[in-house]
$ cat final-v2.cif   # mmCIF, C-alpha atoms
data_entry
loop_
_atom_site.label_atom_id
_atom_site.label_comp_id
_atom_site.auth_asym_id
_atom_site.auth_seq_id
_atom_site.Cartn_x
_atom_site.Cartn_y
_atom_site.Cartn_z
CA MET A 1 -13.58 -102.47 -34.95
CA MET A 2 -14.25 -106.21 -34.72
CA ARG A 3 -11.73 -108.18 -32.70
CA GLN A 4 -11.14 -111.28 -34.83
CA TYR A 5 -8.28 -112.81 -32.87
CA ASP A 6 -8.71 -116.30 -34.34
CA LYS A 7 -8.28 -114.98 -37.88
CA ALA A 8 -5.30 -112.87 -36.84
CA ASP A 9 -3.65 -115.90 -35.25
CA ALA A 10 -4.35 -117.96 -38.36
CA VAL A 11 -2.67 -115.32 -40.56
CA ARG A 12 0.35 -115.19 -38.29
CA GLU A 13 0.66 -118.98 -38.30
CA GLY A 14 0.32 -119.09 -42.10
CA LEU A 15 3.14 -116.58 -42.54
CA ARG A 16 5.33 -118.59 -40.18
CA THR A 17 4.76 -121.97 -41.85
CA LYS A 18 4.86 -120.73 -45.48
CA PHE A 19 7.56 -118.05 -45.38
CA ASN A 20 9.21 -118.55 -41.97
CA VAL A 21 8.12 -115.04 -41.08
CA LEU A 22 8.00 -114.20 -37.38
CA ILE A 23 6.06 -111.21 -36.06
CA ASP A 24 6.93 -109.25 -32.93
CA ASP A 25 3.81 -107.28 -31.97
CA ARG A 26 5.63 -105.42 -29.21
CA LEU A 27 8.24 -104.09 -31.66
CA LYS A 28 5.71 -103.90 -34.50
CA GLN A 29 8.27 -105.62 -36.73
CA TRP A 30 8.42 -108.79 -38.83
CA SER A 31 11.43 -110.79 -39.85
CA VAL A 32 12.28 -113.75 -42.06
CA ASN A 33 13.95 -116.40 -39.89
CA GLY A 34 13.18 -114.35 -36.79
CA ASP A 35 16.25 -112.07 -36.79
CA PHE A 36 15.32 -108.77 -35.10
CA GLY A 37 18.85 -107.60 -34.32
CA GLU A 38 21.30 -108.69 -31.62
CA GLU A 39 19.73 -106.79 -28.73
CA HIS A 40 16.17 -107.78 -29.52
CA ASN A 41 17.17 -111.36 -30.26
CA ALA A 42 18.67 -111.61 -26.77
CA GLN A 43 15.49 -110.18 -25.27
CA ARG A 44 13.36 -112.62 -27.25
CA GLU A 45 15.54 -115.52 -26.10
CA LEU A 46 15.06 -114.52 -22.49
CA ALA A 47 11.33 -114.11 -23.05
CA ASP A 48 11.13 -117.56 -24.62
CA LYS A 49 13.00 -119.13 -21.71
CA PHE A 50 10.67 -117.41 -19.26
CA ALA A 51 7.60 -118.49 -21.22
CA ASN A 52 8.74 -122.12 -21.12
CA ARG A 53 9.72 -122.04 -17.45
CA GLY A 54 7.32 -123.42 -14.89
CA TYR A 55 6.29 -121.71 -11.66
CA ILE A 56 9.00 -121.64 -8.98
CA LYS A 57 9.19 -120.80 -5.30
CA SER A 58 10.12 -117.21 -4.49
CA THR A 59 13.43 -116.65 -2.72
CA SER A 60 11.56 -114.72 -0.01
CA SER A 61 8.99 -117.45 0.62
CA LEU A 62 8.69 -118.97 4.05
CA SER A 63 9.61 -122.64 4.34
CA LEU A 64 7.64 -125.58 5.67
CA GLU A 65 9.17 -128.17 7.97
CA ASP A 66 7.81 -131.07 5.94
CA PRO A 67 9.40 -131.27 2.44
CA GLU A 68 6.46 -133.35 1.26
CA GLU A 69 4.13 -130.42 1.89
CA GLU A 70 6.23 -128.20 -0.38
CA GLU A 71 6.19 -130.95 -3.01
CA TYR A 72 2.40 -131.01 -2.63
CA ILE A 73 2.27 -127.25 -3.22
CA GLN A 74 4.49 -127.42 -6.32
CA PHE A 75 2.50 -130.36 -7.74
CA HIS A 76 -0.81 -128.54 -7.38
CA ILE A 77 0.59 -125.26 -8.76
CA ASP A 78 1.71 -127.18 -11.85
CA ALA A 79 -1.74 -128.78 -12.01
CA ARG A 80 -3.29 -125.30 -11.85
CA VAL A 81 -1.17 -124.21 -14.84
CA GLN A 82 -2.47 -127.16 -16.88
CA ALA A 83 -6.04 -126.42 -15.82
CA LYS A 84 -5.66 -122.81 -17.03
CA LYS A 85 -4.20 -123.98 -20.35
CA GLN A 86 -7.26 -126.20 -20.77
CA LYS A 87 -9.47 -123.21 -19.86
CA ASN A 88 -10.69 -125.08 -16.78
CA PHE A 89 -10.70 -121.90 -14.73
CA ASP A 90 -13.01 -123.22 -11.97
CA THR A 91 -10.49 -125.98 -11.17
CA ALA A 92 -7.61 -123.48 -11.31
CA ASP A 93 -9.39 -121.15 -8.89
CA LYS A 94 -10.18 -124.02 -6.50
CA ILE A 95 -6.50 -125.04 -6.44
CA ARG A 96 -5.40 -121.45 -5.77
CA LEU A 97 -7.96 -121.06 -2.98
CA ASP A 98 -7.02 -124.40 -1.39
CA LEU A 99 -3.31 -123.54 -1.35
CA ALA A 100 -4.05 -120.10 0.11
CA GLN A 101 -6.23 -121.48 2.89
CA ARG A 102 -4.06 -124.49 3.79
CA PHE A 103 -0.56 -123.07 3.40
CA ASP A 104 -1.00 -119.29 2.95
CA VAL A 105 0.41 -119.58 -0.58
CA MET A 106 0.16 -116.57 -2.88
CA ILE A 107 0.71 -117.02 -6.62
CA ASN A 108 2.09 -114.32 -8.92
CA ASP A 109 1.11 -115.32 -12.45
CA LYS A 110 3.00 -112.49 -14.11
CA MET A 111 6.34 -113.55 -12.60
CA LYS A 112 5.48 -117.28 -12.40
CA LEU A 113 6.30 -117.30 -8.70
CA TRP A 114 4.65 -118.67 -5.58
CA SER A 115 5.31 -117.73 -1.99
CA ILE A 116 4.27 -118.99 1.42
CA GLY A 117 3.49 -115.80 3.31
CA GLY A 118 2.91 -113.67 0.22
CA GLN A 119 6.29 -111.93 -0.07
CA PHE A 120 8.03 -111.65 -3.46
CA GLU A 121 11.54 -110.25 -3.21
CA GLU A 122 11.91 -110.52 -6.98
CA LEU A 123 9.36 -107.73 -7.46
CA GLY A 124 11.67 -105.21 -5.78
CA GLY A 125 10.51 -102.40 -3.56
CA LYS A 126 10.30 -102.39 0.21
CA MET A 127 9.94 -105.83 1.70
CA GLY A 128 7.27 -106.11 4.33
CA LYS A 129 6.84 -108.84 6.89
CA PRO A 130 5.32 -112.08 5.57
CA ARG A 131 1.86 -112.90 6.85
CA GLY A 132 1.92 -115.32 9.74
CA VAL A 133 5.31 -114.12 11.04
CA TYR A 134 4.95 -112.69 14.54
CA THR A 135 7.63 -110.48 16.10
CA ARG A 136 8.59 -110.80 19.75
CA ARG A 137 8.39 -107.56 21.71
CA GLY A 138 9.42 -106.71 25.24
CA ALA A 139 11.46 -108.77 27.68
CA LEU A 140 11.76 -112.56 27.45
CA GLY A 141 11.08 -113.08 31.14
CA ASP A 142 12.14 -116.58 32.16
CA LEU A 143 11.90 -118.10 28.67
CA SER A 144 14.89 -120.17 27.58
CA PRO A 145 16.05 -120.13 23.92
CA GLU A 146 14.44 -123.58 23.47
CA GLU A 147 11.15 -122.32 24.92
CA GLU A 148 11.26 -119.22 22.70
CA GLU A 149 11.65 -121.50 19.67
CA ALA A 150 8.71 -123.63 20.87
CA VAL A 151 6.58 -120.50 21.27
CA SER A 152 7.40 -119.37 17.72
CA LYS A 153 6.40 -122.76 16.33
CA MET A 154 3.11 -122.76 18.27
CA ILE A 155 2.30 -119.27 17.00
CA THR A 156 2.94 -120.43 13.42
CA ASP A 157 0.73 -123.49 13.97
CA ARG A 158 -1.99 -121.23 15.33
CA TYR A 159 -1.78 -118.96 12.32
CA HIS A 160 -2.22 -121.87 9.91
CA ALA A 161 -5.10 -123.22 12.01
CA LYS A 162 -6.85 -119.87 11.66
CA LYS A 163 -6.19 -119.82 7.91
CA GLN A 164 -7.88 -123.23 7.66
CA LYS A 165 -10.76 -121.92 9.82
CA ASN A 166 -9.89 -124.34 12.64
CA PHE A 167 -10.69 -121.65 15.17
CA ASP A 168 -11.13 -124.06 18.09
CA VAL A 169 -7.60 -125.36 17.53
CA ALA A 170 -6.27 -121.81 17.21
CA ASP A 171 -7.93 -120.83 20.50
CA GLU A 172 -6.52 -123.90 22.24
CA ILE A 173 -3.00 -122.95 21.12
CA ARG A 174 -3.53 -119.36 22.28
CA ASP A 175 -4.72 -120.55 25.70
CA GLU A 176 -1.80 -122.99 26.02
CA LEU A 177 0.69 -120.23 25.18
CA LEU A 178 -0.71 -118.11 27.99
CA LYS A 179 -0.95 -120.94 30.48
CA LYS A 180 2.41 -122.60 29.79
CA PHE A 181 4.62 -119.67 28.78
CA ASN A 182 2.64 -116.60 29.92
CA VAL A 183 2.68 -115.40 26.30
CA ARG A 184 0.13 -112.97 24.91
CA ILE A 185 -0.49 -112.50 21.16
CA ASP A 186 -1.51 -109.34 19.33
CA ASP A 187 -2.99 -110.38 15.98
CA ARG A 188 -3.46 -106.81 14.80
CA SER A 189 0.24 -106.03 14.89
CA ASN A 190 1.51 -109.62 14.44
CA GLU A 191 3.47 -109.42 17.68
CA TRP A 192 3.82 -111.50 20.83
CA ARG A 193 5.24 -110.80 24.26
CA VAL A 194 5.78 -112.45 27.61
CA ASP A 195 3.43 -111.02 30.23
CA THR A 196 6.11 -110.13 32.77
CA GLU A 197 6.90 -107.20 35.04
CA ASP A 198 10.17 -106.68 33.14
CA TYR A 199 10.52 -104.06 30.43
CA ALA A 200 12.99 -104.42 27.56
CA MET A 201 15.31 -101.63 26.46
CA ALA A 202 14.86 -100.74 22.78
CA GLY A 203 17.24 -98.80 20.58
CA SER A 204 20.66 -97.44 21.40
CA ASN A 205 21.67 -94.86 24.03
CA SER A 206 24.62 -93.63 26.07
CA LEU A 207 23.34 -94.78 29.46
CA THR A 208 25.70 -96.53 31.85
CA GLU A 209 25.01 -100.03 33.17
CA ASP A 210 24.11 -98.55 36.56
CA GLU A 211 21.63 -96.16 34.95
CA VAL A 212 20.02 -98.97 32.95
CA ALA A 213 19.73 -101.10 36.10
CA PHE A 214 18.19 -98.15 37.95
CA ILE A 215 15.64 -97.57 35.15
CA ASP A 216 14.74 -101.28 35.02
CA GLY A 217 14.18 -101.29 38.78
CA LYS A 218 11.97 -98.21 38.69
CA LEU A 219 9.92 -99.62 35.81
CA LYS A 220 9.38 -102.85 37.72
CA GLU A 221 8.28 -100.78 40.71
CA ARG A 222 5.94 -98.85 38.42
CA PHE A 223 4.49 -102.12 37.10
CA TYR A 224 3.47 -103.19 40.60
CA PHE A 225 1.95 -99.77 41.30
CA LYS A 226 -0.15 -100.09 38.14
CA ARG A 227 -1.22 -103.62 39.03
CA GLU A 228 -2.42 -102.36 42.42
CA ARG A 229 -4.17 -99.48 40.60
CA GLN A 230 -1.98 -96.90 42.30
CA PHE A 231 -1.81 -94.84 39.14
CA GLU A 232 -0.57 -91.58 40.66
CA GLU A 233 2.54 -93.33 42.02
CA ALA A 234 3.04 -95.11 38.70
CA ASP A 235 2.72 -91.86 36.75
CA ALA A 236 5.16 -90.12 39.09
CA ILE A 237 7.82 -92.74 38.27
CA ARG A 238 7.15 -92.42 34.54
CA ASP A 239 7.42 -88.62 34.68
CA HIS A 240 10.61 -88.76 36.75
CA LEU A 241 12.29 -91.13 34.29
CA GLN A 242 11.23 -88.95 31.39
CA GLU A 243 12.48 -85.72 32.98
CA ARG A 244 15.77 -87.19 34.15
CA PHE A 245 16.75 -89.58 31.36
CA GLY A 246 14.42 -88.73 28.47
CA ILE A 247 12.76 -92.14 28.83
CA GLN A 248 9.63 -93.03 26.87
CA VAL A 249 7.69 -96.13 27.98
CA ASP A 250 5.56 -98.28 25.67
CA ASP A 251 3.29 -100.29 27.95
CA ARG A 252 1.68 -102.19 25.08
CA VAL A 253 4.89 -103.99 24.11
CA LYS A 254 6.65 -103.59 27.51
CA GLU A 255 9.61 -101.63 26.12
CA TRP A 256 11.39 -98.40 26.96
CA TYR A 257 13.77 -96.21 24.98
CA VAL A 258 15.60 -92.92 25.22
CA ASP A 259 13.92 -90.17 23.21
CA SER A 260 16.72 -88.12 21.65
CA LEU A 261 14.53 -85.01 21.76
CA LEU A 262 14.13 -85.35 25.52
CA SER A 263 17.43 -86.88 26.57
CA GLY A 264 19.14 -83.52 27.00
CA VAL A 265 16.45 -82.24 29.38
CA GLY A 266 17.32 -84.42 32.35
CA GLY A 267 20.47 -85.87 33.80
CA VAL A 268 21.76 -88.13 31.02
CA GLY A 269 25.43 -87.44 30.63
CA THR A 270 25.29 -84.56 33.16
CA GLY A 271 27.03 -86.41 35.94
CA GLY A 272 23.95 -87.33 37.97
CA GLY A 273 24.43 -90.75 39.61
CA ALA A 274 21.81 -93.48 39.26
CA GLY A 275 21.40 -93.65 42.99
CA GLU A 276 20.17 -90.04 43.27
CA GLU A 277 16.38 -90.08 43.25
CA GLY A 278 15.88 -86.37 42.81
CA GLU A 279 12.19 -86.64 43.67
#
$ encode --input "final-v2.cif" --output "structure tokens"
Amino acid sequence: MMRQYDKADAVREGLRTKFNVLIDDRLKQWSVNGDFGEEHNAQRELADKFANRGYIKSTSSLSLEDPEEEEYIQFHIDARVQAKKQKNFDTADKIRLDLAQRFDVMINDKMKLWSIGGQFEELGGKMGKPRGVYTRRGALGDLSPEEEEAVSKMITDRYHAKKQKNFDVADEIRDELLKKFNVRIDDRSNEWRVDTEDYAMAGSNSLTEDEVAFIDGKLKERFYFKRERQFEEADAIRDHLQERFGIQVDDRVKEWYVDSLLSGVGGVGTGGGAGEEGE
């Protein structure tokens, strides 16, 4: 079957102009004056409003500090729409690529949405973490709230530098984070942590303050054993904490938590004081 879309469109337009007949291909119905029933009329009205609406920023998009940059993004997204209407697809693709590289903008043409970071809450489903957002893991060490905010901004700047292939700048930021704040970055998991001997408690548990203080002290002691490559002593502390409190230690992110499957094995809630070593 030959696909003669131009002729089909010409027929449809002739019916509209001569008889005021509107055709709904989805419903496979035609109507004089465009009345398809109350329900379908409402759906058509919504569809028309959507068709005439421009592209807008997703509610789950990240924000930029400079409002002029977001105005730049919106201007060029509108320019991309015009380029596509004019069948100038090379220009449209260049605009999309430029916005992706410079600002990590993703465009959803079906929903007429754009998002910095690539998340679209409007699509439903499970929301992941936007690209370029790094999660802090482990203890904060000596970082103040102001310093933590500065670290987050530097990590964001580094991400955008990498997106724009400014790898020298990205490496300089990484080195400064380590030198100034003792911060290490894991790009595979989009996480960062302070390289400190302290471990952070994760999750909830029924430990007392004395027990938590005891565990923190033993983990710090274990850290120094590992740094001096005294691994047998370090492993002995880990095993003791696991047997007594059901503790699991994640050395990659410098966190510890109580494993509910193990917590009944040792002394948690059994009356054993934190000061009793039991080794």
$ residues_around --input "final-v2.cif" --residues "Glu197 in chain A" --least-positions-apart "5" --cutoff "12 Å" --atoms "all atoms listed in the file" --output "list of chain:residue names"
A:Gly138, A:Ala139, A:Leu140, A:Gly141, A:Asp142, A:Asn182, A:Asp216, A:Gly217, A:Lys218, A:Leu219, A:Lys220, A:Glu221, A:Arg222, A:Phe223, A:Tyr224, A:Phe225, A:Lys226, A:Arg227, A:Asp251, A:Val253, A:Lys254, A:Glu255
$ resolve_selection --input "final-v2.cif" --expression "the PyMOL selection byres ((chain A and resi 55-71) around 8)" --output "list of chain:residue names"
A:Arg53, A:Gly54, A:Tyr72, A:Ile73, A:Gln74, A:Phe75, A:Ile77, A:Asp78, A:Lys112, A:Leu113, A:Trp114, A:Ser115, A:Ile116, A:Gly117, A:Gly118, A:Gln119, A:Phe120, A:Glu121, A:Glu122, A:Pro130
$ residues_around --input "final-v2.cif" --residues "Phe181 in chain A" --least-positions-apart "4" --cutoff "8 Å" --atoms "only C-alpha atoms" --output "ChimeraX atom specification"
/A:143,151,176-177,194
$ atom_distance --input "final-v2.cif" --atom1 "CA of Arg193 in chain A" --atom2 "CA of Ala100 in chain A"
27.5 Å
$ closest_residue --input "final-v2.cif" --among "A:Leu99, A:His160, A:Glu209, A:Ser31" --to "Phe19 in chain A" --atoms "only C-alpha atoms"
A:Ser31
$ atom_distance --input "final-v2.cif" --atom1 "CA of Ala170 in chain A" --atom2 "CA of Asp157 in chain A"
7.9 Å
$ axis_aligned_box --input "final-v2.cif" --around "range 192-196 of chain A" --padding-each-side "6 Å" --output "lines of an AutoDock Vina configuration file"
center_x = 4.8
center_y = -111.3
center_z = 26.8
size_x = 14.7
size_y = 14.3
size_z = 23.9
$ resolve_selection --input "final-v2.cif" --expression "the PyMOL selection byres ((chain A and resi 247) around 12)" --output "JSON list (two decimals) with C-alpha atoms, keeping the file's coordinate frame"
[["chain", "number", "residue", "atom", "x", "y", "z"],
["A", 201, "MET", "CA", 15.31, -101.63, 26.46],
["A", 202, "ALA", "CA", 14.86, -100.74, 22.78],
["A", 203, "GLY", "CA", 17.24, -98.80, 20.58],
["A", 205, "ASN", "CA", 21.67, -94.86, 24.03],
["A", 207, "LEU", "CA", 23.34, -94.78, 29.46],
["A", 211, "GLU", "CA", 21.63, -96.16, 34.95],
["A", 212, "VAL", "CA", 20.02, -98.97, 32.95],
["A", 215, "ILE", "CA", 15.64, -97.57, 35.15],
["A", 216, "ASP", "CA", 14.74, -101.28, 35.02],
["A", 218, "LYS", "CA", 11.97, -98.21, 38.69],
["A", 219, "LEU", "CA", 9.92, -99.62, 35.81],
["A", 237, "ILE", "CA", 7.82, -92.74, 38.27],
["A", 238, "ARG", "CA", 7.15, -92.42, 34.54],
["A", 239, "ASP", "CA", 7.42, -88.62, 34.68],
["A", 240, "HIS", "CA", 10.61, -88.76, 36.75],
["A", 241, "LEU", "CA", 12.29, -91.13, 34.29],
["A", 242, "GLN", "CA", 11.23, -88.95, 31.39],
["A", 243, "GLU", "CA", 12.48, -85.72, 32.98],
["A", 244, "ARG", "CA", 15.77, -87.19, 34.15],
["A", 245, "PHE", "CA", 16.75, -89.58, 31.36],
["A", 246, "GLY", "CA", 14.42, -88.73, 28.47],
["A", 248, "GLN", "CA", 9.63, -93.03, 26.87],
["A", 249, "VAL", "CA", 7.69, -96.13, 27.98],
["A", 250, "ASP", "CA", 5.56, -98.28, 25.67],
["A", 255, "GLU", "CA", 9.61, -101.63, 26.12],
["A", 256, "TRP", "CA", 11.39, -98.40, 26.96],
["A", 257, "TYR", "CA", 13.77, -96.21, 24.98],
["A", 258, "VAL", "CA", 15.60, -92.92, 25.22],
["A", 259, "ASP", "CA", 13.92, -90.17, 23.21],
["A", 260, "SER", "CA", 16.72, -88.12, 21.65],
["A", 261, "LEU", "CA", 14.53, -85.01, 21.76],
["A", 262, "LEU", "CA", 14.13, -85.35, 25.52],
["A", 263, "SER", "CA", 17.43, -86.88, 26.57],
["A", 264, "GLY", "CA", 19.14, -83.52, 27.00],
["A", 265, "VAL", "CA", 16.45, -82.24, 29.38],
["A", 266, "GLY", "CA", 17.32, -84.42, 32.35],
["A", 267, "GLY", "CA", 20.47, -85.87, 33.80],
["A", 268, "VAL", "CA", 21.76, -88.13, 31.02]]
$ atom_distance --input "final-v2.cif" --atom1 "CA of Arg96 in chain A" --atom2 "CA of Asn108 in chain A"
10.8 Å
$ resolve_selection --input "final-v2.cif" --expression "the PyMOL selection byres ((chain A and resi 153) around 12)" --output "list of chain:residue names"
A:Leu64, A:Glu65, A:Gly132, A:Val133, A:Tyr134, A:Glu146, A:Glu147, A:Glu148, A:Glu149, A:Ala150, A:Val151, A:Ser152, A:Met154, A:Ile155, A:Thr156, A:Asp157, A:Arg158, A:Tyr159, A:His160, A:Ile173, A:Leu177
$ closest_residue --input "final-v2.cif" --among "A:His76, A:Lys18, A:Lys179, A:Arg252" --to "Ile107 in chain A" --atoms "all atoms listed in the file"
A:His76
$ decode --input "final-v2.cif" --residues "range 91-101 of chain A" --atoms "all heavy atoms" --output "compact mmCIF listing (two decimals), in the first residue's frame"
# COMPACT_ATOMS: atom_id res chain seq x y z
N THR A 91 20.31 21.58 13.15
CA THR A 91 20.36 22.66 14.14
C THR A 91 19.71 22.22 15.44
O THR A 91 20.23 22.49 16.53
CB THR A 91 19.65 23.91 13.59
OG1 THR A 91 20.34 24.37 12.42
CG2 THR A 91 19.64 25.02 14.63
N ALA A 92 18.56 21.53 15.34
CA ALA A 92 17.87 21.06 16.54
C ALA A 92 18.75 20.11 17.34
O ALA A 92 18.81 20.18 18.58
CB ALA A 92 16.56 20.38 16.15
N ASP A 93 19.44 19.21 16.64
CA ASP A 93 20.30 18.25 17.33
C ASP A 93 21.50 18.94 17.98
O ASP A 93 21.93 18.56 19.08
CB ASP A 93 20.80 17.19 16.35
CG ASP A 93 19.68 16.23 15.94
OD1 ASP A 93 18.66 16.19 16.63
OD2 ASP A 93 19.87 15.53 14.92
N LYS A 94 22.04 19.97 17.32
CA LYS A 94 23.17 20.71 17.89
C LYS A 94 22.75 21.43 19.17
O LYS A 94 23.50 21.48 20.14
CB LYS A 94 23.71 21.70 16.86
CG LYS A 94 24.49 21.05 15.72
CD LYS A 94 24.96 22.09 14.71
CE LYS A 94 25.70 21.42 13.56
NZ LYS A 94 26.13 22.43 12.53
N ILE A 95 21.55 22.01 19.16
CA ILE A 95 21.05 22.69 20.36
C ILE A 95 20.89 21.69 21.50
O ILE A 95 21.29 21.95 22.64
CB ILE A 95 19.72 23.40 20.05
CG1 ILE A 95 19.94 24.56 19.07
CG2 ILE A 95 19.08 23.91 21.35
CD1 ILE A 95 18.65 25.21 18.60
N ARG A 96 20.27 20.55 21.19
CA ARG A 96 20.07 19.53 22.24
C ARG A 96 21.41 19.06 22.81
O ARG A 96 21.56 18.95 24.04
CB ARG A 96 19.32 18.33 21.64
CG ARG A 96 19.12 17.16 22.61
CD ARG A 96 18.43 16.00 21.92
NE ARG A 96 19.13 15.59 20.71
CZ ARG A 96 20.22 14.83 20.72
NH1 ARG A 96 20.75 14.43 21.86
NH2 ARG A 96 20.81 14.48 19.58
N LEU A 97 22.39 18.82 21.94
CA LEU A 97 23.69 18.36 22.39
C LEU A 97 24.40 19.42 23.22
O LEU A 97 25.02 19.11 24.25
CB LEU A 97 24.55 17.97 21.19
CG LEU A 97 25.92 17.38 21.49
CD1 LEU A 97 25.78 16.09 22.31
CD2 LEU A 97 26.68 17.10 20.20
N ASP A 98 24.31 20.68 22.80
CA ASP A 98 24.95 21.77 23.53
C ASP A 98 24.36 21.91 24.93
O ASP A 98 25.10 22.06 25.92
CB ASP A 98 24.78 23.08 22.76
CG ASP A 98 25.33 24.28 23.53
OD1 ASP A 98 26.56 24.35 23.72
OD2 ASP A 98 24.53 25.14 23.95
N LEU A 99 23.04 21.84 25.04
CA LEU A 99 22.39 21.96 26.35
C LEU A 99 22.75 20.78 27.25
O LEU A 99 22.91 20.94 28.46
CB LEU A 99 20.88 22.06 26.18
CG LEU A 99 20.36 23.33 25.51
CD1 LEU A 99 18.86 23.25 25.30
CD2 LEU A 99 20.71 24.57 26.33
N ALA A 100 22.87 19.60 26.65
CA ALA A 100 23.22 18.41 27.44
C ALA A 100 24.65 18.50 27.97
O ALA A 100 24.91 18.17 29.13
CB ALA A 100 23.05 17.15 26.59
N GLN A 101 25.55 18.98 27.13
CA GLN A 101 26.96 19.05 27.53
C GLN A 101 27.22 20.18 28.52
O GLN A 101 27.98 20.03 29.47
CB GLN A 101 27.84 19.21 26.30
CG GLN A 101 27.90 17.98 25.42
CD GLN A 101 28.78 18.16 24.20
OE1 GLN A 101 29.07 19.29 23.80
NE2 GLN A 101 29.22 17.06 23.60
